[in-house]
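Notes for the one structure printed next.
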Amino acid sequence: MSQMNFLGFQSFRKARIRDLVRKDSHSLKIVDRFAEIDSAEMEIADNQIVADLISNVEYETTGNKFSSGDKPSRYFVNSTKCKMPYADPFSREALEIYHPAKLKVCTNESDTFYLNYDQHTKHYKLYVNEKILSKLKPHVSQFKCNYRAVTRGTNEDPDRHSDIHSPIYFRGKCTLPQNLSGIIVECHDAHNISAIVQQDAFSLVQVYNKESRIESDPLHRQPSVIILGLDSMSRMNFQRTMPKTLNFVRKSGWFEMEGYNKVADNTVPNLLPILTGHMASQLENICEIHSYGCLDKLPWIWTDYARAGYTTALGEDILGEGIFVMDLPGFKHKPVNYYLRPLLLGISRVLRTYKRFGYDYCIGRRLSLAYVYDFCAQFTARFVEELDQPTFALFWSCTFTHDYYFGASSLDAKFVEYLRLMERHRLFERSIVILMSDHGARFGDLSELSDSFLEERLPMLHVYLPPWFRDTYPKYAEALQLNRNRLSSNYDLHNTLRHILRLNASTPEQLPLMATCPGSQSLLHPLPVERSCQDACIGEHWCTCNEFINQALDGDIYLLGKQIVYHINRWMVLNGFNKFCQRILLQDMENAEKKVLFEENGKETIYGNIGTYRLRFRTHPAGGKFQTTLRFNRDLKTIENLFVPDISRLNSYKNSSQCVNNKIAKKFCFCYPKGTLNAFMVDWKNMKLTTLHSF
């Protein structure tokens, strides 16, 4: 399509959709955002976009917008045991705070270095474009270029240290040894080693002793499994900020799990059930999870895949707050065959970094995220495209999405570029691909929305099945479609990963039960229509199946707030964090809701002496905002089953909790001010559990 015709068709297309939603001017903002999707995607996109927009208009203009205390008219899941309300990604209040970001590049310079892989010799070749060097430094007459190998640290803490080796000089081009997994390259003035012209870094996915797969019978074929993770991305914010990527995952073969509900607060507690089938507390039966060497003993799902003959990989784009090192000890031994972390640790020491959205947005000339997806592209090219070998890999990204919830809008086009690159590497012909997140927005502007409870608890989950798999196992594809609007959890996703290694398990009974969550199932088997959060091992505080009714902020509710704050303070003393963090006091109650119960005949009731309450409250100092779910006996004025680590913090604590590293304590921590402490602070700092007054 010519540029002129494309622009004309875009105008026609936008007008067509505008005409369909002309009843509601706020939806026109959505049209303007979605009508920019590339022409190649239009045919797939239009019907779904129009349907979504019409649905949005009907929902808002008929007065059915759900607010706390009203009954919603639409649900993601609608059964007797689970009524998960629909959350509108394009509500007026969401669009009022939505400010899309623009992608910033890390450099405007042309690339001096590039790699080429020789499939016959199985070697990478590194090239230098000397013309670009001369353009960058026209007054320099002679250049010298070198590469330095980056390897995993050899000290006692290798997940926090990398070794950078001595430079190897070359002229113009060189063949890289097969034992290299990552390099830093540079060229400098031949007469001044400190006058660096350009530096860069590359991961190197090397192939050892692997031959192309010759298995042709699809019943005996092992599908590759590639997990792509975007941290802190609810399914609503995904639709809101990444329309091009959304369009890609609406192609044939993709299945969105709209009833997917998280099981814990932040990243690690939500990923552990997926990657090990256990909560952190359950893993303590194996070893003390915070002790060095424990992570190597845990039952990681990639270990099961490695035993089944799969090649494994792991990469993420942050270092200090990485999944396995933030409040965890890291791995003693390399956990997978191909591990990106050593390269990122090394280059972050050598190359300049640029912070944006709260993280190292750039490392050197590249986006931090680009190292992860260049690594992913290499891995899929070597093993999926060229060798057609079964692989299991997890590629996780935080830098665009964790701290600024609209940062993903600047990533959208770039992310689709990587998906298309992997498409050219035949990933979607041969692999099961999972695009997922751990949770939604836990604090910030989105936590102020009326549907923030859903925004936090409903992470996106899209599962792709390649054509050969759908043809060979049609019942599994049908099950995914059926499960779209049934309640599912992290444990079900773990069971799905287990099931892929046992594809002959054609019924749920043939897949061994998980002791940690007996009610969980594979998503490739139909989930029960009538399923509760308890069945899916989703705790009360995280469950979105329940309907709540607003309650008056009376004396009982304020008493509840004071009891909750007492239990938080008690937890801090019990774990010794009062030595670093101030005591918190109840400042105000913001909202209280009581759970609607369903009797055997389906009739609703909120009566009873013991009720389940959802509370939002503020504390002093520094205006901490929290939310919790608990059971309260109004007759005895006592709390039942309050689990302090599950209490949600609704505003950022990054700058107030730097004195502690424990992720749970950080939620409740307001570090002591520098200088002399007042008597109240001194008493609290010296408080012990034996001297803490009971409530």
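All residue names refer to the structure tokens as shown: chains lettered A, B, ... in order, residues numbered from 1 in each chain, ligands numbered from 1 in order.
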**Item:** Selection near Tyr98 in chain A, 12 Å with only C-alpha atoms, sequence-local residues under 5 positions removed, as a list in words
**Value:** Lys29, Ile30, Arg33, Pro89, Phe90, Ser91, Arg92, Glu93, Asn237, Arg240, Thr241, Tyr404, Tyr405, Phe406, Gly407, Ala408, Ser409, Gly444, Asp445, Leu446 and Leu449 of chain A
Could you please take those selected residues and save C-alpha atoms as a CSV table (one decimal), in the first residue's frame?
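Final file, part13.csv:
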```csv
chain,number,residue,atom,x,y,z
A,29,LYS,CA,-9.8,9.1,22.4
A,30,ILE,CA,-9.5,5.4,22.1
A,33,ARG,CA,-5.0,5.6,19.8
A,89,PRO,CA,-9.6,-0.3,30.3
A,90,PHE,CA,-10.9,2.8,28.7
A,91,SER,CA,-13.1,4.3,31.4
A,92,ARG,CA,-13.3,8.0,31.7
A,93,GLU,CA,-11.3,8.1,34.9
A,237,ASN,CA,-3.4,-1.7,31.3
A,240,ARG,CA,-4.7,0.6,27.4
A,241,THR,CA,-1.0,1.1,26.7
A,404,TYR,CA,5.6,4.0,35.6
A,405,TYR,CA,2.5,2.2,34.5
A,406,PHE,CA,2.1,4.1,31.2
A,407,GLY,CA,5.8,3.5,30.3
A,408,ALA,CA,4.6,0.5,28.3
A,409,SER,CA,3.0,2.9,25.7
A,444,GLY,CA,0.5,5.1,41.8
A,445,ASP,CA,-2.3,6.7,39.9
A,446,LEU,CA,-4.0,3.5,38.8
A,449,LEU,CA,-9.2,4.2,40.3
```
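Shell of Gln521 in chain A at 7 Å, with only C-alpha atoms counted and residues fewer than 4 places along the chain excluded, is Asp492, Asn495, Pro508 and Leu527 of chain A.
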**Request:** For Lys595 in chain A, list every protein, DNA or RNA residue within 6 Å, evaluated using only C-alpha atoms, and leave out those in the same chain fewer than 6 positions away; present the list as a VMD selection string.
**Result:** chain A and resid 547 to 548 612
If you keep N, CA and C atoms, can you produce a file of those selected residues as a PDB file, in the first residue's frame?
```pdb
ATOM      1  N   GLU A 547     -18.247 -10.172  45.696  1.00  0.00           N
ATOM      2  CA  GLU A 547     -18.876  -8.862  45.637  1.00  0.00           C
ATOM      3  C   GLU A 547     -18.931  -8.271  47.037  1.00  0.00           C
ATOM      4  N   PHE A 548     -18.699  -6.966  47.128  1.00  0.00           N
ATOM      5  CA  PHE A 548     -18.655  -6.271  48.410  1.00  0.00           C
ATOM      6  C   PHE A 548     -19.650  -5.119  48.417  1.00  0.00           C
ATOM      7  N   THR A 612     -16.461 -10.773  56.292  1.00  0.00           N
ATOM      8  CA  THR A 612     -15.199 -10.502  55.606  1.00  0.00           C
ATOM      9  C   THR A 612     -15.222  -9.055  55.134  1.00  0.00           C
TER      10      THR A 612
END
```
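For the pair CA of Leu692 in chain A and CA of Val644 in chain A, the interatomic distance is 17.0 Å.
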**Message:** If DSSP is run on the backbone, what residues of range 466-531 of chain A are helix (DSSP H, G or I)? A reply as a PyMOL selection string would be ideal.
**Reply:** chain A and resi 467-472+474-485+490-500+508-510
**Message:** Let's see if you can do this: from backbone DSSP, list all strand (DSSP E) residues in range 350-545 of chain A, as a VMD selection string.
**Reply:** chain A and resid 353 to 356 359 to 363 366 to 367 391 to 397 431 to 436 461 to 464
**Message:** Using only C-alpha atoms, which protein or nucleic acid residues come within 12 Å of Gln178 in chain A? Drop anything in the same chain fewer than 5 positions from it, and give the result as a list in words.
**Reply:** Tyr117, Asp118, Thr121, Lys122, His123, Tyr124, Lys125, Ala149, Ile183, Leu204, Val205, Gln206, Val207, Tyr208 and Asn209 of chain A
Just C-alpha atoms for this one: save the residues we selected as an mmCIF file, in the first residue's frame.
```
data_model
loop_
_atom_site.group_PDB
_atom_site.id
_atom_site.type_symbol
_atom_site.label_atom_id
_atom_site.label_comp_id
_atom_site.auth_asym_id
_atom_site.auth_seq_id
_atom_site.Cartn_x
_atom_site.Cartn_y
_atom_site.Cartn_z
ATOM 1 C CA TYR A 117 26.641 -16.187 12.860
ATOM 2 C CA ASP A 118 28.067 -18.881 10.584
ATOM 3 C CA THR A 121 31.309 -23.421 11.461
ATOM 4 C CA LYS A 122 29.020 -22.542 14.413
ATOM 5 C CA HIS A 123 31.031 -19.424 15.160
ATOM 6 C CA TYR A 124 30.103 -15.773 15.599
ATOM 7 C CA LYS A 125 32.057 -13.252 13.567
ATOM 8 C CA ALA A 149 35.005 -11.507 27.497
ATOM 9 C CA ILE A 183 31.554 -9.566 25.181
ATOM 10 C CA LEU A 204 26.551 -14.840 22.405
ATOM 11 C CA VAL A 205 24.278 -17.884 22.392
ATOM 12 C CA GLN A 206 26.752 -20.596 21.409
ATOM 13 C CA VAL A 207 25.746 -24.058 20.191
ATOM 14 C CA TYR A 208 27.583 -27.103 21.539
ATOM 15 C CA ASN A 209 27.118 -30.660 20.309
#
```
Identify, on the basis of only C-alpha atoms, every residue whose closest approach to Asn578 in chain A does not exceed 9 Å; exclude the query and any residue fewer than 2 positions from it along the same chain; express the result as a PDB file with N, CA and C atoms, in the first residue's frame.
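What ended up in selection_29.pdb:
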```pdb
ATOM      1  N   ASN A 569       2.708  -3.257  63.375  1.00  0.00           N
ATOM      2  CA  ASN A 569       3.814  -2.880  64.265  1.00  0.00           C
ATOM      3  C   ASN A 569       4.372  -4.088  65.004  1.00  0.00           C
ATOM      4  N   MET A 572       6.636  -5.996  62.748  1.00  0.00           N
ATOM      5  CA  MET A 572       7.924  -5.316  62.579  1.00  0.00           C
ATOM      6  C   MET A 572       8.827  -5.566  63.782  1.00  0.00           C
ATOM      7  N   VAL A 573       8.275  -5.533  64.996  1.00  0.00           N
ATOM      8  CA  VAL A 573       9.074  -5.809  66.196  1.00  0.00           C
ATOM      9  C   VAL A 573       9.519  -7.263  66.216  1.00  0.00           C
ATOM     10  N   LEU A 574       8.592  -8.170  65.903  1.00  0.00           N
ATOM     11  CA  LEU A 574       8.882  -9.604  65.914  1.00  0.00           C
ATOM     12  C   LEU A 574      10.060  -9.939  65.003  1.00  0.00           C
ATOM     13  N   ASN A 575      10.177  -9.197  63.897  1.00  0.00           N
ATOM     14  CA  ASN A 575      11.239  -9.467  62.926  1.00  0.00           C
ATOM     15  C   ASN A 575      12.411  -8.488  63.027  1.00  0.00           C
ATOM     16  N   GLY A 576      12.397  -7.658  64.059  1.00  0.00           N
ATOM     17  CA  GLY A 576      13.537  -6.790  64.325  1.00  0.00           C
ATOM     18  C   GLY A 576      13.651  -5.554  63.457  1.00  0.00           C
ATOM     19  N   PHE A 580      15.122  -0.133  62.550  1.00  0.00           N
ATOM     20  CA  PHE A 580      15.399   0.707  61.384  1.00  0.00           C
ATOM     21  C   PHE A 580      14.203   1.574  60.981  1.00  0.00           C
ATOM     22  N   CYS A 581      13.002   1.150  61.371  1.00  0.00           N
ATOM     23  CA  CYS A 581      11.775   1.769  60.859  1.00  0.00           C
ATOM     24  C   CYS A 581      10.914   2.307  61.993  1.00  0.00           C
ATOM     25  N   GLN A 582      10.270   3.427  61.735  1.00  0.00           N
ATOM     26  CA  GLN A 582       9.436   4.072  62.738  1.00  0.00           C
ATOM     27  C   GLN A 582       8.145   3.282  62.988  1.00  0.00           C
ATOM     28  N   ARG A 583       7.576   3.513  64.156  1.00  0.00           N
ATOM     29  CA  ARG A 583       6.263   2.969  64.466  1.00  0.00           C
ATOM     30  C   ARG A 583       5.223   3.730  63.645  1.00  0.00           C
ATOM     31  N   CYS A 669       7.747   0.200  56.132  1.00  0.00           N
ATOM     32  CA  CYS A 669       8.886   0.892  56.724  1.00  0.00           C
ATOM     33  C   CYS A 669       8.947   2.368  56.339  1.00  0.00           C
ATOM     34  N   TRP A 684      10.592   3.262  70.700  1.00  0.00           N
ATOM     35  CA  TRP A 684      10.172   2.279  69.690  1.00  0.00           C
ATOM     36  C   TRP A 684      11.366   1.500  69.141  1.00  0.00           C
ATOM     37  N   LYS A 685      12.467   2.178  68.932  1.00  0.00           N
ATOM     38  CA  LYS A 685      13.655   1.524  68.388  1.00  0.00           C
ATOM     39  C   LYS A 685      14.173   0.445  69.331  1.00  0.00           C
ATOM     40  N   ASN A 686      13.993   0.653  70.632  1.00  0.00           N
ATOM     41  CA  ASN A 686      14.474  -0.313  71.631  1.00  0.00           C
ATOM     42  C   ASN A 686      13.401  -1.321  72.047  1.00  0.00           C
ATOM     43  N   MET A 687      12.225  -1.215  71.440  1.00  0.00           N
ATOM     44  CA  MET A 687      11.105  -2.084  71.818  1.00  0.00           C
ATOM     45  C   MET A 687      11.416  -3.551  71.495  1.00  0.00           C
ATOM     46  N   LYS A 688      11.010  -4.431  72.396  1.00  0.00           N
ATOM     47  CA  LYS A 688      11.095  -5.869  72.173  1.00  0.00           C
ATOM     48  C   LYS A 688       9.704  -6.457  72.302  1.00  0.00           C
TER      49      LYS A 688
END
```
Under the rule of at most 10 Å, produce a per-residue listing of range 134-238 of chain A near range 421-428 of chain A: chain, number, name, the closest pair of atoms, and the distance in Å, as a tab-separated table, using only C-alpha atoms.
```
residue	atom	partner	partner_atom	distance
A:Ser224	CA	A:Leu427	CA	8.6
A:Val225	CA	A:Leu427	CA	9.6
A:Ile226	CA	A:Leu427	CA	8.7
```
Output C-alpha atoms for every residue in that selection, as an mmCIF file, in the first residue's frame.
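Output contents, as saved in part.cif:
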```cif
data_model
loop_
_atom_site.group_PDB
_atom_site.id
_atom_site.type_symbol
_atom_site.label_atom_id
_atom_site.label_comp_id
_atom_site.auth_asym_id
_atom_site.auth_seq_id
_atom_site.Cartn_x
_atom_site.Cartn_y
_atom_site.Cartn_z
ATOM 1 C CA SER A 224 9.397 -25.441 22.766
ATOM 2 C CA VAL A 225 8.057 -23.186 25.529
ATOM 3 C CA ILE A 226 8.998 -19.508 25.581
#
```
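Using only C-alpha atoms, the nearest neighbour of Cys82 in chain A within the list A:Leu487, A:Leu630, A:Thr619, A:Asp635 is A:Leu487.
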**Message:** So that I can check the surroundings of Leu314 in chain A, please list as number ranges by chain every protein, DNA and RNA residue that reaches within 6 Å of it, counting only C-alpha atoms and ignoring chain neighbours fewer than 2 positions away.
**Reply:** A: 339, 393-395
**Message:** For a test of reading the model, state the distance in Å between CA of Ile538 in chain A and CA of Cys517 in chain A, rounded to one decimal.
**Reply:**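 We find that CA of Ile538 in chain A and CA of Cys517 in chain A lie 9.8 Å from each other.
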**Request:** Would you kindly return, as number ranges by chain, each protein, DNA or RNA residue with an atom no farther than 12 Å from any atom of Asn192 in chain A, considering only C-alpha atoms and excluding same-chain residues fewer than 5 positions away?
**Result:** A: 140-144, 187, 197
Selected residues written out, N, CA and C atoms, as a PDB file, in the first residue's frame:
```
ATOM      1  N   VAL A 140      40.925  11.527  13.759  1.00  0.00           N
ATOM      2  CA  VAL A 140      41.765  10.429  14.236  1.00  0.00           C
ATOM      3  C   VAL A 140      42.242   9.625  13.029  1.00  0.00           C
ATOM      4  N   SER A 141      43.546   9.434  12.928  1.00  0.00           N
ATOM      5  CA  SER A 141      44.104   8.780  11.740  1.00  0.00           C
ATOM      6  C   SER A 141      44.149   7.264  11.852  1.00  0.00           C
ATOM      7  N   GLN A 142      44.182   6.744  13.074  1.00  0.00           N
ATOM      8  CA  GLN A 142      44.328   5.300  13.248  1.00  0.00           C
ATOM      9  C   GLN A 142      43.557   4.849  14.489  1.00  0.00           C
ATOM     10  N   PHE A 143      42.899   3.705  14.347  1.00  0.00           N
ATOM     11  CA  PHE A 143      42.091   3.174  15.446  1.00  0.00           C
ATOM     12  C   PHE A 143      42.591   1.788  15.850  1.00  0.00           C
ATOM     13  N   LYS A 144      42.355   1.444  17.117  1.00  0.00           N
ATOM     14  CA  LYS A 144      42.564   0.082  17.587  1.00  0.00           C
ATOM     15  C   LYS A 144      41.259  -0.417  18.205  1.00  0.00           C
ATOM     16  N   CYS A 187      36.426   0.506  20.240  1.00  0.00           N
ATOM     17  CA  CYS A 187      37.506   1.030  19.409  1.00  0.00           C
ATOM     18  C   CYS A 187      37.950   2.356  20.013  1.00  0.00           C
ATOM     19  N   VAL A 197      36.191   5.710  21.015  1.00  0.00           N
ATOM     20  CA  VAL A 197      35.297   6.202  19.964  1.00  0.00           C
ATOM     21  C   VAL A 197      33.899   5.613  20.134  1.00  0.00           C
TER      22      VAL A 197
END
```
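Going from CA of Gln389 in chain A over to CA of Thr312 in chain A, you cover 10.8 Å.
Nearest residue to Arg160 in chain A among A:Val372, A:Leu497, A:Met681, A:Leu344 is A:Leu344, counting only C-alpha atoms.
Nearest to Ser281 in chain A of all the residues A:Gly440, A:Gly624, A:Pro645, A:Pro528 is A:Pro645, based on only C-alpha atoms.
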**Request:** Select, from A:Phe248, A:Phe577, A:Phe626, A:Trp300, the residue with the minimum atom-to-atom distance to Asn591 in chain A, counting only C-alpha atoms.
**Result:** A:Phe626
